[in-house]
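Read through the structure below, which is laid out as structure tokens, and then see the notes.
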Amino acid sequence: MAPFPRYNQAVRSRSLAAAHIFVAAILLSAPATFAQQTTTTPPPAKSSKTSPQKEATEKTAAANAALEKAVSSAGNDRAALVRNLKAYLNEYPDAPRKADVYRALVESCQQLRDTACALENAERLVAVDPDDYEMMMIAVAMLQEQGDDASLTRATGYLTRVIDRLEKETPDDRSERDSVEEWKDEQDQTRSGLYYFRGHIAKRQGNYDAARKDLQTSYSIVANALAADELGEIAEVRHDDALAIQQYLLAFVLPREGPAGKVDRRDVRLSLGNVWKQVHGSEAGLGDAILAAYDRLSPAQADSGAASKNKDAKSLYDFVLRGIDGKPLPLASEKGKVLVLSFWATWCGPCRIVEPAVARIAKDYTGDPEPVFLAVNIDDDQTRVAPFLAGVKWELPAVFADGLDDYLGVESLPTLMVVDRSGNITYRANGLDPATFPASLVAAIQSAVGSASHAAPTAAH
């Protein structure tokens, strides 16, 4: 199951957007937020009794000034921001904006693919703000990835809290922009997804009764293939083959995508065929059963899209990218080398500044086996890329992302990353900062490559 299916991704986007705003506000010294907190002075003290209030105000101002320095000194480097914010919390464990700092750490750690760091700070934020249900869902997704029993139990606890809150909401709680019908549809989609997630976890832990109850609730709210598939698996484990066939048939003919994500229709087909043969001795009649189930449900047009490239990749080095000429480039062949990845698209204006600059930096490493520079294209219409490159004549090796952008969470362009020899992201910059680029990139590359064996190139390109 994808780590952030539709509901998880939606709440993640809203919650992490707040982290982006928080960091941007400090960098811009936003007068309505940060500056106001650091410069507002209380009324003059009337007596010595007000001195504790003055002392508290001074401590708050000092903490906020230190926070501004921690963020601004990191520039556009997310790895540096994480280090600085951790150091800040060590110095100011009771900082007045601690919740905002945790949120910024979650966002930055996820961009660096540091799940342990992101999860730790997500759970710290939930402890500080027990009503932050969006961050709970982010924590749930990461706890499911952890997969151990203790993590799954914590995830179930968070899900139960979110479900309980949603079950108490009424149309009066909806946004004024939404009609009652729109609100109800969104509630149904969300509730169905949450019950599926909790049932999925219960099934992983072997608690089949609880899993069956939640999965049936998920299906009753919104008929979805994922819930039907897992109900089929539970029926099969319990040797109820007739029920397993019924559930697998539903999972196979329902739309692939539902409130909790996409079902793997090929896996469903294999499970269905296996149980059918156990009951009937062969697959004779299975086709008719599938068509009958399809006709009963009258689902939307079947999804016949091809599986996405690299859908089974579990690590950076599992990806096989394609050059613009179609030749494969397995990233496994670059394992143990420093990688410089610049994500771009033909429609991205700032990319037309960044890519030539990165190419000039790459020239300083001509003849060296590393770093390996790759301009990673994310255009939806890939037919535009070759003619575009023929016109601009960029010199960096260009490849199609083929899902690498989704894996690394690239959400804005241009995005630059430096990956060290161990596969860790040691530098990540989202967008173009003319004041620090390309010097910050050069420094990050030199740090990853090692200055002992490489002369530092000039940053004045």
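Just so we're on the same page: first chain in the structure tokens is A, next is B, and so on; residues restart at 1 for each chain, and ligands are numbered from 1 in the order they show up.
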**Request:** Return as a PyMOL selection string the full set of residues in segment 166-390 of chain A whose backbone-based DSSP assignment is strand (DSSP E or B).
**Result:** chain A and resi 257-258+261-262+320-323+328-330+339-344+372-377
**Item:** DSSP-assigned helix (DSSP H, G or I) members of segment 110-280 of chain A, reported as a ChimeraX atom specification
**Value:** /A:110-111,115-128,133-146,149-167,171-173,180-204,208-221,225-237,241-253,265-280
**Item:** Point-to-point distance in Å for atom CA of Ala116 of chain A and atom CA of Asp149 of chain A
**Value:**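 So the answer is 16.4 Å.
For the pair atom CA of Ser73 of chain A and atom CA of Tyr88 of chain A, the separation is 12.3 Å.
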**Asked** Do you know which residues are at most 8 Å from segment 228-238 of chain A counting only C-alpha atoms, after dropping those on the same chain fewer than 3 positions away, and could you put them as a PyMOL selection string?
**Response** chain A and resi 200+203+208+212+215-216+219+224-225+241+243-248+250-251+263+268+275
**Request:** Grab the atom CA of Asp185 of chain A to atom CA of Arg154 of chain A distance for me, in Å with one decimal place.
**Result:** 28.3 Å
**Item:** Ile163 of chain A environment, 9 Å, only C-alpha atoms, sequence neighbours closer than 5 positions dropped, as an MDAnalysis selection string
**Value:** chainID A and resid 158 168 191 194:195
